[in-house]
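Data block below; observations after.
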Amino acid sequence: MAAEKFAFQAEVVQLLDLMIHSLYSNRDVFLRELISNASDACDRLRFEGLTHSDLLPDEPFAVNIHVDPEARSLSVSDNGIGMSREEVVHNIGTIAKSGTSEFLRSLSKSADPKISPELIGQFGVGFYASFMVADEVSVVTRKAGEHEATRWSSSGDGSYEIEETERDAAGTTVSLKLKAAEGDDAIADYTDQWLLRQIVKRFSDFVAYPIHLKVEGADPPSSNEPLNSMKAIWRRPEEEVSEEEYAEFYKHIAHDWNEPLLHFSTRIEGNFEARALLYLPSLAPFDLYHREMAHRGIQLYVKRVFIMDECRELMPEYLRFAKGVVDAEDLSLNVSREMLQQSAQIEVIRKHLVKKTLEALKELKESDREKYRGFWAQFGPVIKEGLLDLSQKRERILELVLCESTAAGSGSTSLAEAVSRMPEDREVIYYLTGPSREHLVNSPHVEAFVERNIEVLLFTDHVDEIWLEQNPPEFAGKKFQSVLKGDIDLDDAADAGRDESKRAKDAEAFKPLLDALRTGVQDHVKEVRVSNRLTSSPACLVVDEGDLSHQISEMLRRSGQNVPHVKPILEINPAHPLLAKLKAVCDADAKDPRLADYATLLFGQAMLAEGGQLEDPAAFSRRIAELMLETL
Ligand code: ADP
């Protein structure tokens with residue numbers, strides 16, 4: 001059958017383009033990617049072989065690198081699971097990860113024409129890295145259990161060809177026609193056996209299958225000794241393993257090109273045994289918030305035998321970015337995903353991993369705040385998802401939280417630090433949620449708190465609205481109290497006493513004005529009342545204790561939920577000169593039509609001050625223009 005020509009998915013073309021033009025600083029990684037794929041393919045077939053032994057190869061699993069310096073060719077073959085024709089088209093002509101196109105679009109729009117390798121590395125370019133060193137790439141593959149083989153080839157220029165071919169046994173061979181090792185655009189000489197040995201040792205030493213090298217025409221002929229030690233890194237004594245080896249192993253299992261943030265090893269001993277080597281990434285994967293995120297997460301081994309990757313049962317969702325290996329001694333080799341869900345051992349391992357991960361993070365937070373801050377900026381919102389899960393030990397998650405605060409200058413604070421700054425008898429932690437720090441520090445709601453030196457914590461992630469509003473946890477015995485909810489009683493007893501009587505007097509004196517304003521905005525607000533939380537703003541909106549805040553109602557509504565419309569309360573500042581003037585107008589004529597107009601304006605600007613949206617912005621700006629005209 002003749003070769004058929006296909007066009008690459010647009011995203012692949014974009015990715016190839018970005019890679020070829022921006023990732024030339026470390027081209028050696030192409031080999032790591034090919035070996036990783038080959039080793040994954042052997043893992044998969046070995047796993048299949050547990051239940052279908054007829055699929056297993058006659059020869060032991062191995063990865064073979066074959067180079068021909070004359071022909072400038074390099075190939076990597078494996079006797080792993082192989083691919084069917086459909087799988088080749090799907091796996092190698094398209095990128096099936098959700099969010100890919102947004103991600104690539106944002107990369108190619110970025111001002112810097114040289115995209116940083118970290119960014120692309122986050123994406124895990126894998127197989128396509130071959131095009132950094134080759135003018136032409138071909139793949140010959142045969143799926144275990146099938147007879148026909150498929151040949152895929154491309155010169156990375158937008159299209160690829162597919163044709164039927166033959167292959168002696170199941171497995172995959174990826175062959176590269178290397179670019180010139182001399183000249184302007186020269187690459188390293190990847191047919192040089194010393195260079196290849198070095199690269200394999202550096203990036204792939206721990207691969208569980210022997211990696212053999214054959215150099216065509218080599219003198220002396222290349223030896224049969226594998227290039228790698230094949231030692232399972234998590235079984236080696238920690239002091240023997242270098243940081244670089246740990247980092248390379250991370251890149252292998254996580255398909256991340258960046259250095260990990262930290263790693264730790266842990267053991268479970270007792271009724272059964274397991275050990276784990278876990279990593280936390282330094283940069284969030286681009287699809288962290290996509291539901292179908294690749295979620296390579298944790299790999300499960302039983303007595304050194306790879307069982308499966310993406311073992312979701314071993315980590316809760318809110319720690320889905322953790323990577324690593326769990327090697328259990330006593331699980332059955334035939335364990336299936338369904339069995340995992342009910343396994344009591346898996347449950348014990350999972351609890352252990354969660355505990356250790358949270359401890360490792362707490363330690364980082366205490367030992368290196370700067371580094372932790374960087375981590376929190378990337379992954380904090382995901383970790384806070386854990387606060388929505390009432391079955392978790394939420395206190396341990398709260399210990400990791402960093403947030404902005406009215407007290408901490410421009411830096412962020414932990415909850416424990418905030419509590420340590422509070423007078424002992426204060427029972428609540430005041431907070432406000434909103435889109436950004438700038439937004440919140442200038443909010444009318446925090447004015448009175450700032451003036452009295454009462455710290456307000458500022459939470460700026462979407463998820464904060466949810467965990468703080470629905471089933472808020474307590475921290476160190478203190479409740480969380482939103483500054484925009486209910487009738488705030490500002491702690492200081494003496495102060496509060498004075499305020500209460502003043503407020504009662506103000507309420508009395510302002511009653512006619514409150515009534516007049518209410519008439520103007522009764523469709524929008526529940527009540528108009530005198531505030532004791534404002535100092536320099538004329539008005540603000542608050543909600544009753546049990547009501548949902550404006551932001552969260554809006555958020556829920558956007559996500560398609562049916563949320564009853566709760567009217568806010570308009571609080572006015574009796575000490576503000578604007579209200580003194582309005583009071584004078586009202587005292588002269590309580591029916592003055594300007595009062596209703598001003599009520600709408602006060603309501604509108606209070607809404608804008610908290611980042612809300614006006615129902616009729618055109619009418620609002622028309623009124624402002626009229627007012628400006630009058631006062632000129
Ligand atoms: P990634 O490995 O990050 O998923 P790649 O671009 O390297 O991305 O590979 C895409 C897919 O192609 C792999 O997930 C795998 O399914 C398939 N694949 C690549 N190489 C091999 C191989 N040697 N044997 C079997 N399948 C392979």
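Going by the structure tokens order, chains are called A, B, ..., each with residues numbered from 1, while ligands are numbered from 1 in the order shown.
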
Leaving out A:Ser265 and any residue of its chain fewer than 2 positions from it, which residues lie within 8 Å of it when counting only C-alpha atoms, given as a PyMOL selection string? chain A and resi 234+263+267+275-278

Write out as a PyMOL selection string the set of residues from stretch 291-324 of chain A that DSSP, computed on the backbone, places in helix (DSSP H, G or I). chain A and resi 312-314+317-319

In Å, with one decimal, what is the gap from atom CA of A:Glu166 to atom CA of A:Val13?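 Pair atom CA of A:Glu166 / atom CA of A:Val13 returns 28.4 Å.
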
Kindly give the distance, in Å, that separates atom CA of A:Glu136 and atom CA of A:Lys177, rounded to a single decimal.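 The value is 5.2 Å.
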
Return as a PDB file with N, CA and C atoms, in the first residue's frame the residues of protein, DNA or RNA that approach ligand 1 to within 7 Å, with only C-alpha atoms and all ligand atoms taken into account.
ATOM      1  N   GLU A  33      14.209  11.758  26.201  1.00  0.00           N
ATOM      2  CA  GLU A  33      12.786  11.607  25.887  1.00  0.00           C
ATOM      3  C   GLU A  33      12.523  10.303  25.143  1.00  0.00           C
ATOM      4  N   LEU A  34      13.401   9.971  24.195  1.00  0.00           N
ATOM      5  CA  LEU A  34      13.197   8.726  23.444  1.00  0.00           C
ATOM      6  C   LEU A  34      13.366   7.513  24.352  1.00  0.00           C
ATOM      7  N   ASN A  37      10.313   7.149  26.634  1.00  0.00           N
ATOM      8  CA  ASN A  37       9.185   6.546  25.931  1.00  0.00           C
ATOM      9  C   ASN A  37       9.394   5.048  25.748  1.00  0.00           C
ATOM     10  N   ALA A  38      10.630   4.662  25.422  1.00  0.00           N
ATOM     11  CA  ALA A  38      10.922   3.245  25.209  1.00  0.00           C
ATOM     12  C   ALA A  38      10.730   2.484  26.521  1.00  0.00           C
ATOM     13  N   ALA A  41       7.147   2.077  27.331  1.00  0.00           N
ATOM     14  CA  ALA A  41       6.526   1.056  26.475  1.00  0.00           C
ATOM     15  C   ALA A  41       6.821  -0.346  27.030  1.00  0.00           C
ATOM     16  N   ASP A  78      12.894  -0.421  21.082  1.00  0.00           N
ATOM     17  CA  ASP A  78      12.492  -1.139  22.286  1.00  0.00           C
ATOM     18  C   ASP A  78      11.655  -2.333  21.872  1.00  0.00           C
ATOM     19  N   GLY A  80       8.932  -3.074  23.593  1.00  0.00           N
ATOM     20  CA  GLY A  80       7.782  -2.794  24.455  1.00  0.00           C
ATOM     21  C   GLY A  80       6.459  -2.996  23.731  1.00  0.00           C
ATOM     22  N   ILE A  81       5.455  -2.239  24.172  1.00  0.00           N
ATOM     23  CA  ILE A  81       4.079  -2.515  23.746  1.00  0.00           C
ATOM     24  C   ILE A  81       3.783  -2.164  22.287  1.00  0.00           C
ATOM     25  N   GLY A  82       4.545  -1.211  21.731  1.00  0.00           N
ATOM     26  CA  GLY A  82       4.318  -0.830  20.330  1.00  0.00           C
ATOM     27  C   GLY A  82       3.011  -0.079  20.129  1.00  0.00           C
ATOM     28  N   MET A  83       2.759   0.339  18.903  1.00  0.00           N
ATOM     29  CA  MET A  83       1.525   1.088  18.617  1.00  0.00           C
ATOM     30  C   MET A  83       0.842   0.538  17.369  1.00  0.00           C
ATOM     31  N   ASN A  91      -1.156   9.394  18.699  1.00  0.00           N
ATOM     32  CA  ASN A  91      -0.120   9.785  19.667  1.00  0.00           C
ATOM     33  C   ASN A  91       0.933  10.690  19.066  1.00  0.00           C
ATOM     34  N   ILE A  92       1.205  10.506  17.789  1.00  0.00           N
ATOM     35  CA  ILE A  92       2.364  11.220  17.253  1.00  0.00           C
ATOM     36  C   ILE A  92       1.969  12.329  16.283  1.00  0.00           C
ATOM     37  N   GLY A 124       6.136  19.337  28.466  1.00  0.00           N
ATOM     38  CA  GLY A 124       6.557  17.961  28.216  1.00  0.00           C
ATOM     39  C   GLY A 124       6.475  17.633  26.739  1.00  0.00           C
ATOM     40  N   VAL A 125       7.435  18.086  25.967  1.00  0.00           N
ATOM     41  CA  VAL A 125       7.339  17.938  24.519  1.00  0.00           C
ATOM     42  C   VAL A 125       7.681  16.550  23.997  1.00  0.00           C
ATOM     43  N   GLY A 126       8.375  15.776  24.806  1.00  0.00           N
ATOM     44  CA  GLY A 126       8.598  14.370  24.500  1.00  0.00           C
ATOM     45  C   GLY A 126       9.188  14.089  23.134  1.00  0.00           C
ATOM     46  N   PHE A 127       8.516  13.231  22.435  1.00  0.00           N
ATOM     47  CA  PHE A 127       8.954  12.729  21.150  1.00  0.00           C
ATOM     48  C   PHE A 127       9.404  13.827  20.182  1.00  0.00           C
ATOM     49  N   TYR A 128       8.663  14.938  20.176  1.00  0.00           N
ATOM     50  CA  TYR A 128       8.962  15.988  19.190  1.00  0.00           C
ATOM     51  C   TYR A 128      10.339  16.603  19.375  1.00  0.00           C
ATOM     52  N   GLY A 171       7.163  -3.880  19.186  1.00  0.00           N
ATOM     53  CA  GLY A 171       8.072  -2.871  19.719  1.00  0.00           C
ATOM     54  C   GLY A 171       8.141  -1.678  18.790  1.00  0.00           C
ATOM     55  N   THR A 172       9.039  -0.762  19.093  1.00  0.00           N
ATOM     56  CA  THR A 172       9.106   0.490  18.337  1.00  0.00           C
ATOM     57  C   THR A 172      10.557   0.859  18.072  1.00  0.00           C
ATOM     58  N   THR A 173      10.832   1.345  16.879  1.00  0.00           N
ATOM     59  CA  THR A 173      12.147   1.902  16.567  1.00  0.00           C
ATOM     60  C   THR A 173      11.954   3.321  16.070  1.00  0.00           C
ATOM     61  N   HIS A 255       7.850  13.739  33.229  1.00  0.00           N
ATOM     62  CA  HIS A 255       7.872  14.337  31.898  1.00  0.00           C
ATOM     63  C   HIS A 255       7.902  15.857  32.001  1.00  0.00           C
TER      64      HIS A 255
END

A:Leu364: which residues within 10 Å, counting only C-alpha atoms, same-chain residues fewer than 4 positions away excluded, as a list in words?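 Using only C-alpha atoms, the neighbours found are Leu261, Leu262, Leu358, Glu359, Ala360, Asp368, Arg369, Glu370, Lys371, Tyr372, Arg373, Phe375 and Leu400 of chain A.
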
Store the residues of this selection in a file with N, CA, C and O atoms, as an mmCIF file, in the first residue's frame.
data_model
loop_
_atom_site.group_PDB
_atom_site.id
_atom_site.type_symbol
_atom_site.label_atom_id
_atom_site.label_comp_id
_atom_site.auth_asym_id
_atom_site.auth_seq_id
_atom_site.Cartn_x
_atom_site.Cartn_y
_atom_site.Cartn_z
ATOM 1 N N LEU A 261 11.104 21.057 42.863
ATOM 2 C CA LEU A 261 11.259 21.982 43.996
ATOM 3 C C LEU A 261 11.927 21.261 45.154
ATOM 4 O O LEU A 261 12.843 21.769 45.786
ATOM 5 N N LEU A 262 11.449 20.079 45.457
ATOM 6 C CA LEU A 262 12.043 19.294 46.538
ATOM 7 C C LEU A 262 11.674 17.833 46.357
ATOM 8 O O LEU A 262 10.745 17.498 45.611
ATOM 9 N N LEU A 358 2.545 17.181 53.387
ATOM 10 C CA LEU A 358 2.218 18.409 54.103
ATOM 11 C C LEU A 358 3.357 18.784 55.060
ATOM 12 O O LEU A 358 3.703 19.948 55.198
ATOM 13 N N GLU A 359 3.963 17.776 55.666
ATOM 14 C CA GLU A 359 5.098 18.062 56.566
ATOM 15 C C GLU A 359 6.266 18.662 55.802
ATOM 16 O O GLU A 359 6.889 19.615 56.261
ATOM 17 N N ALA A 360 6.535 18.088 54.623
ATOM 18 C CA ALA A 360 7.672 18.591 53.830
ATOM 19 C C ALA A 360 7.431 20.050 53.455
ATOM 20 O O ALA A 360 8.340 20.880 53.483
ATOM 21 N N ASP A 368 12.692 28.134 54.348
ATOM 22 C CA ASP A 368 13.044 28.970 53.206
ATOM 23 C C ASP A 368 11.782 29.665 52.682
ATOM 24 O O ASP A 368 11.150 29.211 51.731
ATOM 25 N N ARG A 369 11.452 30.789 53.326
ATOM 26 C CA ARG A 369 10.181 31.431 53.030
ATOM 27 C C ARG A 369 10.104 31.910 51.581
ATOM 28 O O ARG A 369 9.064 31.832 50.930
ATOM 29 N N GLU A 370 11.226 32.399 51.063
ATOM 30 C CA GLU A 370 11.195 32.904 49.696
ATOM 31 C C GLU A 370 10.819 31.817 48.696
ATOM 32 O O GLU A 370 9.977 31.993 47.823
ATOM 33 N N LYS A 371 11.478 30.680 48.869
ATOM 34 C CA LYS A 371 11.226 29.565 47.978
ATOM 35 C C LYS A 371 9.772 29.096 48.147
ATOM 36 O O LYS A 371 9.077 28.797 47.177
ATOM 37 N N TYR A 372 9.346 29.062 49.398
ATOM 38 C CA TYR A 372 7.989 28.611 49.676
ATOM 39 C C TYR A 372 6.958 29.567 49.061
ATOM 40 O O TYR A 372 5.938 29.166 48.527
ATOM 41 N N ARG A 373 7.270 30.857 49.153
ATOM 42 C CA ARG A 373 6.370 31.857 48.568
ATOM 43 C C ARG A 373 6.167 31.594 47.071
ATOM 44 O O ARG A 373 5.070 31.666 46.552
ATOM 45 N N PHE A 375 6.529 28.762 45.579
ATOM 46 C CA PHE A 375 5.728 27.548 45.458
ATOM 47 C C PHE A 375 4.258 27.876 45.678
ATOM 48 O O PHE A 375 3.375 27.458 44.922
ATOM 49 N N LEU A 400 -0.367 25.714 56.116
ATOM 50 C CA LEU A 400 0.445 26.001 54.928
ATOM 51 C C LEU A 400 0.031 27.293 54.227
ATOM 52 O O LEU A 400 0.729 27.784 53.358
#

For atom CA of A:Leu627 and atom CA of A:Ser536, quote the distance in Å rounded to one decimal.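 Interatomic distance here is 21.3 Å.
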
Quick one: residues within 12 Å of A:Ala188, only C-alpha atoms, excluding same-chain residues fewer than 4 positions away - as a compact mmCIF listing (two decimals) with all heavy atoms, in the first residue's frame?
# COMPACT_ATOMS: atom_id res chain seq x y z
N TYR A 24 17.27 25.42 21.65
CA TYR A 24 18.50 24.77 21.23
C TYR A 24 19.56 24.67 22.32
O TYR A 24 20.60 24.10 22.13
CB TYR A 24 19.09 25.43 19.99
CG TYR A 24 18.84 26.90 19.94
CD1 TYR A 24 19.51 27.74 20.80
CD2 TYR A 24 17.88 27.42 19.06
CE1 TYR A 24 19.25 29.09 20.78
CE2 TYR A 24 17.63 28.77 19.04
CZ TYR A 24 18.31 29.61 19.90
OH TYR A 24 18.05 30.93 19.89
N SER A 25 19.30 25.25 23.52
CA SER A 25 20.38 25.27 24.50
C SER A 25 20.68 23.89 25.06
O SER A 25 21.80 23.61 25.44
CB SER A 25 20.03 26.23 25.62
OG SER A 25 18.80 25.82 26.15
N ASN A 26 19.71 23.04 25.14
CA ASN A 26 20.02 21.72 25.69
C ASN A 26 19.38 20.63 24.85
O ASN A 26 18.40 20.01 25.24
CB ASN A 26 19.54 21.63 27.14
CG ASN A 26 20.12 20.41 27.81
OD1 ASN A 26 20.95 19.72 27.22
ND2 ASN A 26 19.67 20.13 29.01
N ARG A 27 19.99 20.43 23.71
CA ARG A 27 19.39 19.47 22.79
C ARG A 27 19.55 18.02 23.24
O ARG A 27 18.82 17.15 22.80
CB ARG A 27 20.00 19.63 21.41
CG ARG A 27 19.53 20.89 20.73
CD ARG A 27 20.34 21.08 19.47
NE ARG A 27 19.68 21.98 18.57
CZ ARG A 27 20.32 22.91 17.87
NH1 ARG A 27 21.61 23.07 18.00
NH2 ARG A 27 19.64 23.69 17.06
N ASP A 28 20.54 17.79 24.14
CA ASP A 28 20.80 16.40 24.56
C ASP A 28 19.54 15.70 25.08
O ASP A 28 19.46 14.48 25.04
CB ASP A 28 21.81 16.36 25.71
CG ASP A 28 23.17 16.89 25.30
OD1 ASP A 28 23.35 17.20 24.10
OD2 ASP A 28 24.04 17.00 26.18
N ARG A 72 25.25 9.24 9.52
CA ARG A 72 24.72 10.22 10.48
C ARG A 72 23.29 9.85 10.91
O ARG A 72 22.37 10.66 10.88
CB ARG A 72 24.77 11.64 9.92
CG ARG A 72 26.20 12.10 9.70
CD ARG A 72 26.39 13.60 9.88
NE ARG A 72 25.75 14.19 11.04
CZ ARG A 72 26.19 14.08 12.29
NH1 ARG A 72 27.24 13.35 12.58
NH2 ARG A 72 25.56 14.69 13.26
N MET A 132 14.75 18.65 17.16
CA MET A 132 15.80 19.62 17.45
C MET A 132 17.14 19.15 16.90
O MET A 132 18.04 19.95 16.69
CB MET A 132 15.94 19.81 18.97
CG MET A 132 14.72 20.39 19.63
SD MET A 132 15.08 20.94 21.31
CE MET A 132 15.55 19.43 22.10
N VAL A 133 17.29 17.84 16.71
CA VAL A 133 18.59 17.34 16.27
C VAL A 133 18.52 16.62 14.93
O VAL A 133 19.55 16.21 14.40
CB VAL A 133 19.20 16.37 17.32
CG1 VAL A 133 19.40 17.06 18.66
CG2 VAL A 133 18.33 15.13 17.49
N ALA A 134 17.32 16.42 14.40
CA ALA A 134 17.20 15.62 13.18
C ALA A 134 16.45 16.36 12.10
O ALA A 134 15.54 17.14 12.37
CB ALA A 134 16.49 14.32 13.50
N LEU A 178 20.35 12.60 11.56
CA LEU A 178 20.86 13.73 12.35
C LEU A 178 21.25 14.92 11.49
O LEU A 178 21.72 14.76 10.36
CB LEU A 178 22.06 13.27 13.17
CG LEU A 178 21.75 12.23 14.25
CD1 LEU A 178 23.05 11.62 14.80
CD2 LEU A 178 20.93 12.85 15.37
N LYS A 179 21.07 16.09 12.05
CA LYS A 179 21.53 17.31 11.39
C LYS A 179 23.06 17.31 11.38
O LYS A 179 23.68 16.57 12.16
CB LYS A 179 21.09 18.53 12.20
CG LYS A 179 19.61 18.85 12.16
CD LYS A 179 19.37 20.09 13.04
CE LYS A 179 17.92 20.33 13.35
NZ LYS A 179 17.14 20.95 12.29
N ALA A 180 23.64 18.18 10.60
CA ALA A 180 25.10 18.23 10.49
C ALA A 180 25.74 18.60 11.83
O ALA A 180 25.21 19.42 12.58
CB ALA A 180 25.49 19.24 9.43
N ALA A 181 26.89 17.96 12.12
CA ALA A 181 27.61 18.30 13.35
C ALA A 181 28.63 19.40 13.10
O ALA A 181 29.38 19.78 13.98
CB ALA A 181 28.29 17.05 13.92
N GLU A 182 28.67 19.90 11.89
CA GLU A 182 29.55 21.04 11.58
C GLU A 182 28.72 22.11 10.89
O GLU A 182 27.60 21.85 10.49
CB GLU A 182 30.66 20.61 10.61
CG GLU A 182 31.71 19.72 11.23
CD GLU A 182 32.12 18.61 10.29
OE1 GLU A 182 31.91 18.76 9.07
OE2 GLU A 182 32.62 17.58 10.79
N GLY A 183 29.33 23.28 10.77
CA GLY A 183 28.63 24.35 10.06
C GLY A 183 27.92 25.27 11.04
O GLY A 183 28.05 25.13 12.25
N ASP A 192 28.81 10.02 18.44
CA ASP A 192 30.02 9.77 19.21
C ASP A 192 29.66 8.95 20.45
O ASP A 192 28.85 9.37 21.29
CB ASP A 192 30.61 11.12 19.63
CG ASP A 192 31.83 10.93 20.49
OD1 ASP A 192 31.68 10.81 21.72
OD2 ASP A 192 32.93 10.88 19.93
N GLN A 193 30.29 7.75 20.55
CA GLN A 193 29.81 6.86 21.62
C GLN A 193 30.10 7.39 23.01
O GLN A 193 29.37 7.13 23.95
CB GLN A 193 30.33 5.44 21.45
CG GLN A 193 31.80 5.26 21.51
CD GLN A 193 32.08 3.77 21.74
OE1 GLN A 193 31.51 3.16 22.63
NE2 GLN A 193 32.93 3.19 20.91
N TRP A 194 31.17 8.20 23.16
CA TRP A 194 31.48 8.72 24.51
C TRP A 194 30.44 9.74 24.92
O TRP A 194 29.99 9.77 26.07
CB TRP A 194 32.90 9.27 24.55
CG TRP A 194 33.85 8.20 24.14
CD1 TRP A 194 34.60 8.15 23.01
CD2 TRP A 194 34.06 6.95 24.82
NE1 TRP A 194 35.27 6.96 22.93
CE2 TRP A 194 34.96 6.20 24.03
CE3 TRP A 194 33.58 6.39 26.01
CZ2 TRP A 194 35.39 4.93 24.39
CZ3 TRP A 194 34.01 5.13 26.36
CH2 TRP A 194 34.91 4.41 25.57
N LEU A 195 30.04 10.54 23.96
CA LEU A 195 29.00 11.52 24.27
C LEU A 195 27.69 10.80 24.63
O LEU A 195 27.02 11.14 25.61
CB LEU A 195 28.78 12.43 23.04
CG LEU A 195 27.65 13.45 23.19
CD1 LEU A 195 27.93 14.41 24.35
CD2 LEU A 195 27.44 14.24 21.90
N LEU A 196 27.36 9.77 23.86
CA LEU A 196 26.11 9.06 24.13
C LEU A 196 26.13 8.39 25.50
O LEU A 196 25.17 8.44 26.26
CB LEU A 196 25.83 8.02 23.04
CG LEU A 196 25.54 8.62 21.67
CD1 LEU A 196 25.46 7.52 20.62
CD2 LEU A 196 24.24 9.42 21.69
N ILE A 199 25.53 11.00 28.10
CA ILE A 199 24.14 11.48 28.16
C ILE A 199 23.25 10.43 28.84
O ILE A 199 22.42 10.76 29.70
CB ILE A 199 23.59 11.79 26.74
CG1 ILE A 199 24.42 12.89 26.09
CG2 ILE A 199 22.14 12.20 26.81
CD1 ILE A 199 23.99 13.24 24.68
